[in-house]
$ cat data.txt   # compact mmCIF, N, CA and C atoms
# COMPACT_ATOMS: atom_id res chain seq x y z
N MET A 1 0.81 -1.18 0.00
CA MET A 1 0.00 0.00 0.00
C MET A 1 0.86 1.26 0.00
N ASN A 2 1.85 1.28 0.88
CA ASN A 2 2.78 2.41 0.89
C ASN A 2 3.99 2.05 0.04
N ALA A 3 3.96 2.46 -1.19
CA ALA A 3 5.05 2.15 -2.10
C ALA A 3 6.28 2.95 -1.70
N PRO A 4 7.47 2.34 -1.80
CA PRO A 4 8.69 3.09 -1.46
C PRO A 4 8.90 4.25 -2.43
N ILE A 5 9.42 5.32 -1.91
CA ILE A 5 9.71 6.50 -2.73
C ILE A 5 11.05 6.30 -3.41
N ASP A 6 11.08 6.50 -4.68
CA ASP A 6 12.32 6.40 -5.43
C ASP A 6 13.08 7.71 -5.28
N GLU A 7 14.12 7.71 -4.43
CA GLU A 7 14.87 8.93 -4.14
C GLU A 7 15.55 9.50 -5.38
N ASN A 8 15.93 8.64 -6.31
CA ASN A 8 16.58 9.13 -7.52
C ASN A 8 15.64 10.01 -8.33
N ILE A 9 14.39 9.64 -8.43
CA ILE A 9 13.42 10.45 -9.16
C ILE A 9 13.25 11.80 -8.48
N GLU A 10 13.15 11.78 -7.15
CA GLU A 10 12.99 13.02 -6.40
C GLU A 10 14.18 13.95 -6.63
N HIS A 11 15.39 13.42 -6.57
CA HIS A 11 16.59 14.23 -6.79
C HIS A 11 16.64 14.75 -8.22
N ASP A 12 16.26 13.92 -9.19
CA ASP A 12 16.25 14.35 -10.58
C ASP A 12 15.33 15.55 -10.78
N VAL A 13 14.18 15.52 -10.14
CA VAL A 13 13.23 16.63 -10.26
C VAL A 13 13.83 17.90 -9.67
N ILE A 14 14.44 17.80 -8.50
CA ILE A 14 15.04 18.97 -7.85
C ILE A 14 16.18 19.52 -8.70
N PHE A 15 17.08 18.65 -9.19
CA PHE A 15 18.19 19.11 -10.02
C PHE A 15 17.68 19.71 -11.32
N SER A 16 16.62 19.16 -11.88
CA SER A 16 16.05 19.71 -13.10
C SER A 16 15.55 21.13 -12.87
N GLU A 17 14.89 21.36 -11.74
CA GLU A 17 14.41 22.70 -11.40
C GLU A 17 15.57 23.67 -11.19
N ILE A 18 16.62 23.21 -10.53
CA ILE A 18 17.79 24.05 -10.31
C ILE A 18 18.45 24.38 -11.65
N GLN A 19 18.60 23.39 -12.50
CA GLN A 19 19.20 23.62 -13.82
C GLN A 19 18.37 24.63 -14.59
N ASP A 20 17.06 24.50 -14.56
CA ASP A 20 16.19 25.45 -15.26
C ASP A 20 16.39 26.88 -14.74
N THR A 21 16.56 27.03 -13.44
CA THR A 21 16.78 28.34 -12.83
C THR A 21 18.11 28.93 -13.30
N ILE A 22 19.15 28.11 -13.30
CA ILE A 22 20.47 28.57 -13.74
C ILE A 22 20.43 28.95 -15.22
N VAL A 23 19.84 28.11 -16.03
CA VAL A 23 19.75 28.37 -17.47
C VAL A 23 19.00 29.67 -17.73
N GLN A 24 17.91 29.89 -17.00
CA GLN A 24 17.16 31.13 -17.19
C GLN A 24 18.00 32.35 -16.82
N GLY A 25 18.77 32.23 -15.73
CA GLY A 25 19.66 33.32 -15.34
C GLY A 25 20.69 33.62 -16.42
N ILE A 26 21.24 32.58 -17.03
CA ILE A 26 22.19 32.75 -18.13
C ILE A 26 21.50 33.40 -19.32
N ARG A 27 20.33 32.93 -19.65
CA ARG A 27 19.61 33.49 -20.81
C ARG A 27 19.24 34.96 -20.62
N ASP A 28 19.01 35.37 -19.37
CA ASP A 28 18.65 36.75 -19.09
C ASP A 28 19.85 37.70 -19.12
N ALA A 29 21.07 37.15 -19.05
CA ALA A 29 22.27 37.99 -19.02
C ALA A 29 22.41 38.78 -20.32
N LYS A 30 22.89 40.02 -20.18
CA LYS A 30 23.02 40.89 -21.35
C LYS A 30 24.47 41.31 -21.63
N PHE A 31 25.35 41.28 -20.62
CA PHE A 31 26.70 41.79 -20.80
C PHE A 31 27.80 40.81 -20.41
N LEU A 32 27.69 40.21 -19.22
CA LEU A 32 28.77 39.35 -18.76
C LEU A 32 28.28 38.30 -17.77
N ILE A 33 29.05 37.22 -17.72
CA ILE A 33 28.82 36.15 -16.74
C ILE A 33 30.19 35.74 -16.23
N TRP A 34 30.42 35.94 -14.94
CA TRP A 34 31.65 35.52 -14.29
C TRP A 34 31.26 34.54 -13.19
N ALA A 35 31.92 33.40 -13.14
CA ALA A 35 31.57 32.41 -12.12
C ALA A 35 32.81 31.68 -11.63
N ALA A 36 32.79 31.32 -10.36
CA ALA A 36 33.81 30.47 -9.76
C ALA A 36 33.09 29.30 -9.11
N VAL A 37 33.36 28.12 -9.61
CA VAL A 37 32.80 26.90 -9.04
C VAL A 37 33.87 25.81 -9.13
N ALA A 38 33.98 25.01 -8.10
CA ALA A 38 35.02 23.98 -8.11
C ALA A 38 34.77 22.93 -9.19
N TRP A 39 33.54 22.51 -9.33
CA TRP A 39 33.21 21.46 -10.30
C TRP A 39 32.27 22.01 -11.35
N PHE A 40 32.60 21.73 -12.61
CA PHE A 40 31.74 22.15 -13.72
C PHE A 40 31.72 21.03 -14.74
N SER A 41 30.63 20.29 -14.78
CA SER A 41 30.52 19.17 -15.72
C SER A 41 29.15 19.09 -16.39
N ASN A 42 28.33 20.12 -16.21
CA ASN A 42 26.97 20.11 -16.75
C ASN A 42 26.98 20.65 -18.19
N GLU A 43 26.75 19.75 -19.14
CA GLU A 43 26.82 20.13 -20.56
C GLU A 43 25.72 21.10 -20.98
N ALA A 44 24.54 20.98 -20.40
CA ALA A 44 23.45 21.89 -20.76
C ALA A 44 23.81 23.32 -20.37
N ILE A 45 24.39 23.51 -19.21
CA ILE A 45 24.79 24.84 -18.77
C ILE A 45 25.97 25.34 -19.61
N TYR A 46 26.90 24.44 -19.95
CA TYR A 46 28.00 24.81 -20.85
C TYR A 46 27.44 25.33 -22.19
N ARG A 47 26.48 24.63 -22.75
CA ARG A 47 25.90 25.05 -24.04
C ARG A 47 25.23 26.43 -23.93
N GLU A 48 24.57 26.70 -22.81
CA GLU A 48 23.94 28.01 -22.60
C GLU A 48 25.00 29.11 -22.53
N LEU A 49 26.10 28.84 -21.82
CA LEU A 49 27.18 29.81 -21.75
C LEU A 49 27.80 30.03 -23.13
N LEU A 50 27.95 28.96 -23.88
CA LEU A 50 28.50 29.06 -25.23
C LEU A 50 27.61 29.93 -26.12
N ALA A 51 26.30 29.75 -26.01
CA ALA A 51 25.37 30.57 -26.80
C ALA A 51 25.53 32.04 -26.44
N LYS A 52 25.70 32.33 -25.15
CA LYS A 52 25.88 33.72 -24.73
C LYS A 52 27.22 34.29 -25.22
N LYS A 53 28.25 33.45 -25.22
CA LYS A 53 29.55 33.89 -25.75
C LYS A 53 29.41 34.27 -27.23
N LYS A 54 28.66 33.47 -27.97
CA LYS A 54 28.45 33.74 -29.40
C LYS A 54 27.66 35.03 -29.61
N GLN A 55 26.88 35.45 -28.60
CA GLN A 55 26.15 36.71 -28.67
C GLN A 55 27.04 37.89 -28.27
N GLY A 56 28.27 37.61 -27.87
CA GLY A 56 29.21 38.66 -27.53
C GLY A 56 29.40 38.93 -26.06
N LEU A 57 28.81 38.13 -25.18
CA LEU A 57 28.98 38.35 -23.74
C LEU A 57 30.36 37.93 -23.30
N ASN A 58 30.86 38.58 -22.26
CA ASN A 58 32.13 38.23 -21.65
C ASN A 58 31.87 37.11 -20.65
N ILE A 59 32.50 35.95 -20.87
CA ILE A 59 32.33 34.79 -19.99
C ILE A 59 33.67 34.48 -19.35
N ARG A 60 33.73 34.53 -18.03
CA ARG A 60 34.95 34.20 -17.28
C ARG A 60 34.60 33.14 -16.25
N LEU A 61 35.42 32.09 -16.20
CA LEU A 61 35.18 31.00 -15.26
C LEU A 61 36.44 30.70 -14.48
N ILE A 62 36.28 30.40 -13.21
CA ILE A 62 37.35 29.88 -12.37
C ILE A 62 36.87 28.51 -11.91
N ILE A 63 37.65 27.48 -12.24
CA ILE A 63 37.27 26.12 -11.85
C ILE A 63 38.48 25.40 -11.25
N SER A 64 38.22 24.35 -10.53
CA SER A 64 39.26 23.56 -9.91
C SER A 64 39.77 22.49 -10.87
N ASP A 65 41.02 22.13 -10.73
CA ASP A 65 41.62 21.08 -11.55
C ASP A 65 41.19 19.72 -10.99
N GLU A 66 39.97 19.36 -11.31
CA GLU A 66 39.36 18.13 -10.80
C GLU A 66 39.13 17.15 -11.95
N ASP A 67 39.17 15.86 -11.64
CA ASP A 67 38.92 14.84 -12.66
C ASP A 67 37.56 15.04 -13.31
N ALA A 68 36.57 15.40 -12.53
CA ALA A 68 35.21 15.58 -13.05
C ALA A 68 35.12 16.72 -14.06
N ASN A 69 36.06 17.66 -14.02
CA ASN A 69 36.04 18.80 -14.94
C ASN A 69 36.74 18.52 -16.26
N GLN A 70 37.48 17.43 -16.34
CA GLN A 70 38.29 17.16 -17.53
C GLN A 70 37.44 17.02 -18.79
N LYS A 71 36.23 16.54 -18.65
CA LYS A 71 35.36 16.31 -19.80
C LYS A 71 35.11 17.60 -20.59
N LEU A 72 34.91 18.71 -19.91
CA LEU A 72 34.60 19.98 -20.57
C LEU A 72 35.74 21.00 -20.51
N MET A 73 36.80 20.70 -19.76
CA MET A 73 37.82 21.71 -19.49
C MET A 73 38.46 22.26 -20.77
N LYS A 74 38.91 21.41 -21.67
CA LYS A 74 39.56 21.89 -22.89
C LYS A 74 38.60 22.73 -23.74
N GLN A 75 37.36 22.27 -23.85
CA GLN A 75 36.37 23.04 -24.60
C GLN A 75 36.18 24.42 -24.00
N MET A 76 36.07 24.47 -22.66
CA MET A 76 35.88 25.76 -21.99
C MET A 76 37.09 26.66 -22.19
N GLN A 77 38.29 26.10 -22.10
CA GLN A 77 39.50 26.89 -22.27
C GLN A 77 39.60 27.46 -23.68
N ASN A 78 39.10 26.74 -24.66
CA ASN A 78 39.16 27.20 -26.04
C ASN A 78 38.18 28.34 -26.33
N VAL A 79 37.15 28.48 -25.52
CA VAL A 79 36.08 29.43 -25.82
C VAL A 79 35.99 30.57 -24.80
N PHE A 80 36.15 30.26 -23.54
CA PHE A 80 35.96 31.23 -22.47
C PHE A 80 37.30 31.64 -21.87
N ASP A 81 37.27 32.70 -21.08
CA ASP A 81 38.41 33.09 -20.25
C ASP A 81 38.34 32.22 -19.00
N VAL A 82 39.24 31.23 -18.89
CA VAL A 82 39.17 30.24 -17.82
C VAL A 82 40.46 30.25 -17.01
N VAL A 83 40.31 30.24 -15.70
CA VAL A 83 41.44 30.06 -14.79
C VAL A 83 41.21 28.74 -14.07
N ILE A 84 42.22 27.88 -14.11
CA ILE A 84 42.11 26.58 -13.45
C ILE A 84 42.97 26.62 -12.19
N ILE A 85 42.34 26.35 -11.06
CA ILE A 85 43.02 26.37 -9.77
C ILE A 85 43.52 24.96 -9.46
N PRO A 86 44.84 24.80 -9.32
CA PRO A 86 45.37 23.45 -9.04
C PRO A 86 45.07 23.02 -7.61
N ARG A 87 44.96 21.73 -7.43
CA ARG A 87 44.89 21.19 -6.07
C ARG A 87 46.27 21.33 -5.47
N HIS A 88 46.34 21.43 -4.17
CA HIS A 88 47.64 21.64 -3.54
C HIS A 88 47.66 21.03 -2.15
N GLY A 89 48.82 21.12 -1.53
CA GLY A 89 48.96 20.58 -0.18
C GLY A 89 49.28 19.10 -0.19
N TRP A 90 49.26 18.52 0.99
CA TRP A 90 49.58 17.11 1.14
C TRP A 90 48.66 16.26 0.28
N ASN A 91 49.23 15.46 -0.56
CA ASN A 91 48.48 14.54 -1.43
C ASN A 91 47.45 15.28 -2.29
N GLU A 92 47.72 16.57 -2.56
CA GLU A 92 46.81 17.42 -3.33
C GLU A 92 45.39 17.41 -2.77
N TYR A 93 45.31 17.36 -1.46
CA TYR A 93 44.01 17.26 -0.79
C TYR A 93 43.27 18.59 -0.75
N ASN A 94 44.02 19.69 -0.70
CA ASN A 94 43.38 21.01 -0.62
C ASN A 94 42.79 21.38 -1.98
N ARG A 95 41.55 21.82 -1.96
CA ARG A 95 40.84 22.14 -3.20
C ARG A 95 40.17 23.51 -3.08
N MET A 96 39.86 24.05 -4.24
CA MET A 96 39.14 25.31 -4.30
C MET A 96 37.73 25.12 -3.73
N HIS A 97 37.33 26.04 -2.86
CA HIS A 97 35.98 25.97 -2.29
C HIS A 97 35.21 27.27 -2.52
N ASP A 98 35.81 28.21 -3.22
CA ASP A 98 35.13 29.47 -3.49
C ASP A 98 33.99 29.25 -4.47
N LYS A 99 32.93 29.98 -4.27
CA LYS A 99 31.79 29.92 -5.19
C LYS A 99 31.24 31.33 -5.34
N PHE A 100 31.12 31.77 -6.57
CA PHE A 100 30.39 33.00 -6.82
C PHE A 100 29.94 33.02 -8.27
N CYS A 101 28.94 33.80 -8.51
CA CYS A 101 28.47 34.01 -9.88
C CYS A 101 28.01 35.46 -9.98
N ILE A 102 28.56 36.14 -10.97
CA ILE A 102 28.19 37.53 -11.23
C ILE A 102 27.60 37.59 -12.63
N ILE A 103 26.38 38.06 -12.71
CA ILE A 103 25.72 38.22 -14.01
C ILE A 103 25.38 39.70 -14.15
N ASP A 104 25.93 40.30 -15.20
CA ASP A 104 25.71 41.73 -15.45
C ASP A 104 26.03 42.58 -14.22
N LEU A 105 27.15 42.25 -13.58
CA LEU A 105 27.69 42.95 -12.41
C LEU A 105 26.81 42.87 -11.16
N GLU A 106 25.93 41.88 -11.10
CA GLU A 106 25.15 41.61 -9.89
C GLU A 106 25.51 40.21 -9.40
N ARG A 107 25.90 40.13 -8.14
CA ARG A 107 26.32 38.86 -7.55
C ARG A 107 25.11 38.07 -7.07
N LEU A 108 25.09 36.77 -7.41
CA LEU A 108 24.03 35.90 -6.90
C LEU A 108 24.27 35.64 -5.42
N ASP A 109 23.22 35.40 -4.68
CA ASP A 109 23.36 35.18 -3.25
C ASP A 109 24.06 33.85 -2.97
N PRO A 110 24.71 33.72 -1.80
CA PRO A 110 25.48 32.52 -1.47
C PRO A 110 24.66 31.23 -1.50
N LEU A 111 23.40 31.26 -1.07
CA LEU A 111 22.58 30.05 -1.10
C LEU A 111 22.37 29.58 -2.53
N THR A 112 22.11 30.51 -3.44
CA THR A 112 21.97 30.15 -4.85
C THR A 112 23.25 29.52 -5.34
N MET A 113 24.39 30.05 -4.94
CA MET A 113 25.67 29.50 -5.38
C MET A 113 25.90 28.10 -4.81
N GLU A 114 25.48 27.86 -3.56
CA GLU A 114 25.62 26.54 -2.97
C GLU A 114 24.82 25.52 -3.77
N ILE A 115 23.61 25.89 -4.14
CA ILE A 115 22.76 25.02 -4.95
C ILE A 115 23.37 24.85 -6.34
N MET A 116 23.88 25.94 -6.92
CA MET A 116 24.48 25.88 -8.24
C MET A 116 25.67 24.93 -8.25
N GLN A 117 26.49 24.96 -7.20
CA GLN A 117 27.66 24.08 -7.12
C GLN A 117 27.22 22.63 -7.17
N GLN A 118 26.14 22.28 -6.50
CA GLN A 118 25.64 20.92 -6.53
C GLN A 118 25.18 20.53 -7.93
N MET A 119 24.68 21.51 -8.67
CA MET A 119 24.15 21.26 -10.01
C MET A 119 25.25 21.06 -11.02
N LEU A 120 26.28 21.87 -10.96
CA LEU A 120 27.34 21.83 -11.96
C LEU A 120 28.23 20.65 -11.72

$ encode --input "data.txt" --output "structure tokens"
Amino acid sequence: MNAPIDENIEHDVIFSEIQDTIVQGIRDAKFLIWAAVAWFSNEAIYRELLAKKKQGLNIRLIISDEDANQKLMKQMQNVFDVVIIPRHGWNEYNRMHDKFCIIDLERLDPLTMEIMQQML
């Protein structure tokens, strides 16, 4: 009678809503998008940024040198202004934890950035 809840479906719905919010923010941008996120592997968001770059917007990204980023890293470096932050410290354990996003010189709030980091 009480069917188990499929947590994967629930998470997919939440991430889909977050992705839609991020994509809409990118689409609304008119001049620039600057972001710092440790992990960036979301192809849909990459494509939205690419479309904005083709419209002439200034796109700057700061990302961490993580295995998860390798899939899109070269593509991003070829198109956007990208700074890659190396891991450092003992066993390269220390990683970039900064998160920010500036769209048209307005900074997104920290909670939005925390959610965005989970999405990317």

$ closest_residue --input "data.txt" --among "A:Phe80, A:Phe31, A:Trp39, A:Phe100" --to "Ala68 of chain A" --atoms "only C-alpha atoms"
A:Trp39

$ closest_residue --input "data.txt" --among "A:Ile63, A:Leu49, A:Val37, A:Leu72" --to "Cys101 of chain A" --atoms "all atoms listed in the file"
A:Val37

$ atom_distance --input "data.txt" --atom1 "atom C of Leu50 of chain A" --atom2 "atom CA of Val79 of chain A"
8.5 Å

$ closest_residue --input "data.txt" --among "A:Met73, A:Ile62, A:Ile103, A:Ile84" --to "Ala38 of chain A" --atoms "only N, CA and C atoms"
A:Ile62

$ atom_distance --input "data.txt" --atom1 "atom CA of Lys71 of chain A" --atom2 "atom CA of Val83 of chain A"
15.8 Å

$ atom_distance --input "data.txt" --atom1 "atom N of Glu48 of chain A" --atom2 "atom C of Asn94 of chain A"
28.2 Å

$ closest_residue --input "data.txt" --among "A:Arg87, A:Lys99, A:Asp65, A:Gln70" --to "Ser41 of chain A" --atoms "all atoms listed in the file"
A:Gln70

$ select_by_dssp --input "data.txt" --residues "segment 35-100 of chain A" --states "alpha helix (DSSP H)" --output "VMD selection string"
chain A and resid 43 to 54 70 to 79

$ select_by_dssp --input "data.txt" --residues "segment 17-88 of chain A" --states "strand (DSSP E or B)" --output "JSON, numbers by chain"
{"A": [32, 33, 34, 35, 36, 58, 59, 60, 61, 62, 63, 64, 81, 82, 83, 84, 85, 88]}

$ closest_residue --input "data.txt" --among "A:Gln77, A:Gly89, A:Ile33, A:His97" --to "Ile59 of chain A" --atoms "only N, CA and C atoms"
A:Ile33

$ closest_residue --input "data.txt" --among "A:Ala36, A:Ile45, A:Lys74, A:Asn69" --to "Ile102 of chain A" --atoms "only N, CA and C atoms"
A:Ala36
